[in-house]
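One structure is given here, and the rest of the page talks about it.
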Amino acid sequence: MEAPEQLTSGDFTASMEPFLLFEEWFAEAKESEPNDPHAMALATVDADGLPDVRMVLLNQRDARGFVFFTNTGSAKGRELAAVPKAAAVFHWKSLRRQVRVRGAVETVSDAEADAYFASRPRLSQIGAWASQQSRPMGGRFALEAAVAKVTAQYALGAVPRPAHWTGFRIRPVQIEFWHDRPFRLHDRVVFARENADMTDWTKTRLFP
């Protein structure tokens, strides 16, 4: 009988800086994930405290936090306006890893939103104007008609960023790294800080 695979600690457990560790894992995910390594499940809460979760794309990241863009009138936009806190999880199945993020949420500056909007494909820019995100729609034709109208309106020149479209930054107070191990003896390390302005993190290993 073959001996069971030995549980190892994993090199990542030695790291003391979660953003650098995230960059290492994200680089590997871009090489191994067949689709959207920057996809993350984003959780918010509604006015009744009922959790709401959906997949979004991580558009920007730095030492300040993790940024995604959306229509502020969407369900997540309205929920974040009322309760500016969120959680997100990245699951990279090909690597058998996940990263969990929790923290307060802030709106990015107009300059940041303008710059990112300008980098998007023109059809995506038009879609940001045409879609009344999360609102009821009578039929597919309503969206197609709205796209045609916006396309005609901005037939020439650049498409400006809608006032209702911007970015939200999760400023984490917790980042947890999880790595699958045999027999469900997984590696889990959580980095935490009291507030998002602190640069020092505490690191704790957790039971799987």
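Chain identifiers are assigned as A, B, and so on, following the order in which chains appear in the structure tokens; residues are numbered from 1 within each chain, and ligands are numbered from 1 in order of appearance.
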Worksheet item: Which residues, written as a ChimeraX atom specification, have at least one atom at most 7 Å from stretch 16-24 of chain A, with only C-alpha atoms counted and residues fewer than 2 positions away on the same chain left out?
Response: /A:14,26-28,63,175,191
Worksheet item: Residues at most 9 Å from A:Glu194, counting only C-alpha atoms, excluding those fewer than 6 positions away in the same chain, as a ChimeraX atom specification?
Response: /A:173-174,201
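Counting only C-alpha atoms, the residue from A:Ala39, A:Ala155, A:Ala75, A:Leu95 that sits nearest to A:Ser134 is A:Ala75.
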Worksheet entry | Nearest residue to A:Val83 from the set A:Gln98, A:Asp46, A:Val108, A:Ala113 (distances using only C-alpha atoms) |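 Answer, going by the shortest atom-to-atom distance: A:Asp46.
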Item to complete: May I ask for the distance between atom CA of A:Phe168 and atom CA of A:Arg140, given in Å to one decimal place?
Response: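 Those two atoms sit 28.4 Å apart.
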Discussion item. Quick check, in Å to one decimal: how far apart do atom CA of A:Ala41 and atom CA of A:Ala87 lie?
Written reply: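 Result for atom CA of A:Ala41 versus atom CA of A:Ala87: 8.2 Å, one decimal.
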Worksheet item: Separation of atom CA of A:Arg120 and atom CA of A:Ala148, in Å?
Response: 18.5 Å
Discussion item. Just list as number ranges by chain whatever in chain A DSSP marks as strand (DSSP E).
Written reply: A: 39-45, 51-57, 60-62, 65-71, 85-92, 97-107, 165-179, 187-192, 202-205
Practice prompt. Check the DSSP output for the backbone and give back, as a PyMOL selection string, the residues of stretch 30-194 of chain A in helix (DSSP H, G or I).
Written response: chain A and resi 30-32+75-82+110-119+122-130+140-153+182-184
Pull N, CA and C atoms from the residues just selected and write them as a short mmCIF file (atom, residue, chain, number, x, y, z; two decimals), in the first residue's frame.
data_model
loop_
_atom_site.label_atom_id
_atom_site.label_comp_id
_atom_site.auth_asym_id
_atom_site.auth_seq_id
_atom_site.Cartn_x
_atom_site.Cartn_y
_atom_site.Cartn_z
N LYS A 30 -3.24 33.33 -13.71
CA LYS A 30 -3.34 33.80 -15.09
C LYS A 30 -2.75 32.79 -16.06
N GLU A 31 -1.79 31.99 -15.58
CA GLU A 31 -1.18 30.98 -16.43
C GLU A 31 -1.99 29.70 -16.49
N SER A 32 -2.76 29.41 -15.44
CA SER A 32 -3.40 28.10 -15.35
C SER A 32 -4.92 28.11 -15.54
N ALA A 75 -28.02 46.64 -8.21
CA ALA A 75 -28.30 46.14 -6.86
C ALA A 75 -27.07 46.29 -5.97
N LYS A 76 -25.90 45.90 -6.46
CA LYS A 76 -24.71 46.02 -5.62
C LYS A 76 -24.34 47.46 -5.37
N GLY A 77 -24.56 48.33 -6.37
CA GLY A 77 -24.27 49.75 -6.18
C GLY A 77 -25.14 50.36 -5.10
N ARG A 78 -26.42 50.03 -5.12
CA ARG A 78 -27.34 50.56 -4.10
C ARG A 78 -27.03 49.98 -2.73
N GLU A 79 -26.71 48.69 -2.68
CA GLU A 79 -26.40 48.07 -1.40
C GLU A 79 -25.11 48.63 -0.80
N LEU A 80 -24.12 48.89 -1.63
CA LEU A 80 -22.87 49.45 -1.12
C LEU A 80 -23.03 50.90 -0.68
N ALA A 81 -23.94 51.62 -1.32
CA ALA A 81 -24.21 53.00 -0.89
C ALA A 81 -24.81 53.01 0.51
N ALA A 82 -25.63 52.00 0.82
CA ALA A 82 -26.28 51.94 2.13
C ALA A 82 -25.37 51.31 3.19
N ASP A 110 -12.96 60.28 -9.35
CA ASP A 110 -13.46 60.49 -10.71
C ASP A 110 -12.34 60.28 -11.73
N ALA A 111 -11.13 60.69 -11.39
CA ALA A 111 -10.00 60.53 -12.31
C ALA A 111 -9.72 59.05 -12.57
N GLU A 112 -9.78 58.23 -11.52
CA GLU A 112 -9.56 56.80 -11.70
C GLU A 112 -10.66 56.18 -12.54
N ALA A 113 -11.91 56.57 -12.26
CA ALA A 113 -13.03 56.02 -13.02
C ALA A 113 -12.96 56.45 -14.48
N ASP A 114 -12.63 57.72 -14.72
CA ASP A 114 -12.52 58.22 -16.10
C ASP A 114 -11.44 57.46 -16.87
N ALA A 115 -10.30 57.26 -16.23
CA ALA A 115 -9.19 56.59 -16.90
C ALA A 115 -9.53 55.15 -17.25
N TYR A 116 -10.17 54.45 -16.31
CA TYR A 116 -10.51 53.06 -16.62
C TYR A 116 -11.60 52.98 -17.69
N PHE A 117 -12.60 53.86 -17.59
CA PHE A 117 -13.67 53.85 -18.59
C PHE A 117 -13.10 54.09 -19.99
N ALA A 118 -12.15 54.99 -20.09
CA ALA A 118 -11.55 55.31 -21.38
C ALA A 118 -10.78 54.12 -21.95
N SER A 119 -10.34 53.19 -21.11
CA SER A 119 -9.58 52.04 -21.57
C SER A 119 -10.47 50.90 -22.06
N ARG A 122 -15.11 50.25 -27.00
CA ARG A 122 -16.18 51.21 -27.27
C ARG A 122 -17.57 50.61 -27.03
N LEU A 123 -17.77 49.35 -27.44
CA LEU A 123 -19.08 48.73 -27.24
C LEU A 123 -19.40 48.55 -25.77
N SER A 124 -18.38 48.30 -24.95
CA SER A 124 -18.61 48.22 -23.51
C SER A 124 -18.96 49.59 -22.94
N GLN A 125 -18.35 50.64 -23.47
CA GLN A 125 -18.69 51.99 -23.04
C GLN A 125 -20.15 52.30 -23.38
N ILE A 126 -20.56 51.94 -24.58
CA ILE A 126 -21.94 52.18 -24.99
C ILE A 126 -22.90 51.36 -24.12
N GLY A 127 -22.51 50.13 -23.80
CA GLY A 127 -23.34 49.30 -22.94
C GLY A 127 -23.54 49.89 -21.56
N ALA A 128 -22.53 50.58 -21.04
CA ALA A 128 -22.65 51.21 -19.73
C ALA A 128 -23.72 52.29 -19.73
N TRP A 129 -23.88 52.96 -20.87
CA TRP A 129 -24.93 53.97 -21.01
C TRP A 129 -26.29 53.31 -21.23
N ALA A 130 -26.34 52.26 -22.02
CA ALA A 130 -27.61 51.68 -22.46
C ALA A 130 -28.30 50.84 -21.39
N ARG A 140 -35.83 41.80 -24.70
CA ARG A 140 -34.48 42.03 -25.23
C ARG A 140 -34.43 43.23 -26.16
N PHE A 141 -35.56 43.49 -26.85
CA PHE A 141 -35.58 44.60 -27.79
C PHE A 141 -35.34 45.93 -27.09
N ALA A 142 -35.78 46.05 -25.84
CA ALA A 142 -35.59 47.30 -25.10
C ALA A 142 -34.10 47.61 -24.95
N LEU A 143 -33.30 46.58 -24.68
CA LEU A 143 -31.86 46.79 -24.55
C LEU A 143 -31.24 47.11 -25.91
N GLU A 144 -31.65 46.36 -26.93
CA GLU A 144 -31.10 46.60 -28.26
C GLU A 144 -31.43 48.00 -28.76
N ALA A 145 -32.64 48.47 -28.46
CA ALA A 145 -33.03 49.82 -28.86
C ALA A 145 -32.21 50.87 -28.12
N ALA A 146 -31.95 50.62 -26.84
CA ALA A 146 -31.15 51.56 -26.06
C ALA A 146 -29.71 51.61 -26.58
N VAL A 147 -29.16 50.45 -26.96
CA VAL A 147 -27.82 50.42 -27.52
C VAL A 147 -27.76 51.19 -28.83
N ALA A 148 -28.78 51.01 -29.68
CA ALA A 148 -28.82 51.73 -30.96
C ALA A 148 -28.90 53.23 -30.75
N LYS A 149 -29.67 53.65 -29.76
CA LYS A 149 -29.82 55.08 -29.48
C LYS A 149 -28.50 55.69 -29.00
N VAL A 150 -27.83 55.01 -28.08
CA VAL A 150 -26.56 55.53 -27.57
C VAL A 150 -25.50 55.51 -28.66
N THR A 151 -25.50 54.47 -29.48
CA THR A 151 -24.54 54.38 -30.58
C THR A 151 -24.68 55.57 -31.52
N ALA A 152 -25.93 55.94 -31.82
CA ALA A 152 -26.17 57.09 -32.69
C ALA A 152 -25.77 58.39 -32.01
N GLN A 153 -26.04 58.47 -30.72
CA GLN A 153 -25.75 59.69 -29.97
C GLN A 153 -24.25 59.97 -29.95
N PRO A 182 -4.15 17.13 0.79
CA PRO A 182 -4.80 15.81 0.86
C PRO A 182 -5.56 15.61 2.16
N PHE A 183 -6.63 14.80 2.06
CA PHE A 183 -7.43 14.39 3.22
C PHE A 183 -8.06 15.58 3.95
N ARG A 184 -8.31 16.64 3.20
CA ARG A 184 -8.95 17.85 3.75
C ARG A 184 -8.11 18.51 4.84
#
Leaving out A:Arg97 and any residue of its chain fewer than 6 positions from it, which residues lie within 7 Å of it when counting only C-alpha atoms, given as a CSV table (one decimal) with C-alpha atoms, in the first residue's frame?
chain,number,residue,atom,x,y,z
A,91,HIS,CA,-11.5,30.5,-6.5
A,178,TRP,CA,-6.5,28.7,1.3
A,179,HIS,CA,-4.6,25.9,-0.4
A,180,ASP,CA,-6.1,22.4,-0.9
Discussion item. So, with only C-alpha atoms as the atoms that count, which of A:His164, A:Leu50, A:Gly139, A:Leu42 lies closest to A:Arg100?
Written reply: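 Checking each of A:His164, A:Leu50, A:Gly139, A:Leu42 against A:Arg100, counting only C-alpha atoms, the winner is A:Leu42.
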Sorted per-residue table, stretch 89-110 of chain A near stretch 64-71 of chain A, closest atoms and distance, 10 Å, only C-alpha atoms, as JSON lines:
{"residue": "A:Val101", "atom": "CA", "partner": "A:Phe66", "partner_atom": "CA", "distance": 8.9}
{"residue": "A:Gly103", "atom": "CA", "partner": "A:Gly65", "partner_atom": "CA", "distance": 9.2}
{"residue": "A:Ala104", "atom": "CA", "partner": "A:Gly65", "partner_atom": "CA", "distance": 9.9}
{"residue": "A:Val105", "atom": "CA", "partner": "A:Gly65", "partner_atom": "CA", "distance": 9.2}
{"residue": "A:Glu106", "atom": "CA", "partner": "A:Val67", "partner_atom": "CA", "distance": 9.4}
{"residue": "A:Thr107", "atom": "CA", "partner": "A:Val67", "partner_atom": "CA", "distance": 9.1}
{"residue": "A:Val108", "atom": "CA", "partner": "A:Val67", "partner_atom": "CA", "distance": 8.1}
Preceding selection exported with C-alpha atoms as a PDB file, in the first residue's frame:
ATOM      1  CA  VAL A 101     -11.131  39.362   1.219  1.00  0.00           C
ATOM      2  CA  GLY A 103     -13.330  45.096   4.366  1.00  0.00           C
ATOM      3  CA  ALA A 104     -14.903  48.503   3.998  1.00  0.00           C
ATOM      4  CA  VAL A 105     -15.656  49.844   0.537  1.00  0.00           C
ATOM      5  CA  GLU A 106     -14.913  53.272  -0.902  1.00  0.00           C
ATOM      6  CA  THR A 107     -15.709  54.865  -4.252  1.00  0.00           C
ATOM      7  CA  VAL A 108     -12.700  55.479  -6.482  1.00  0.00           C
TER       8      VAL A 108
END
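Considering the residues A:Ala47, A:Ser74, A:Arg102, A:Val53 and counting only C-alpha atoms, A:Ser131 has its shortest atom-to-atom contact with A:Ser74.
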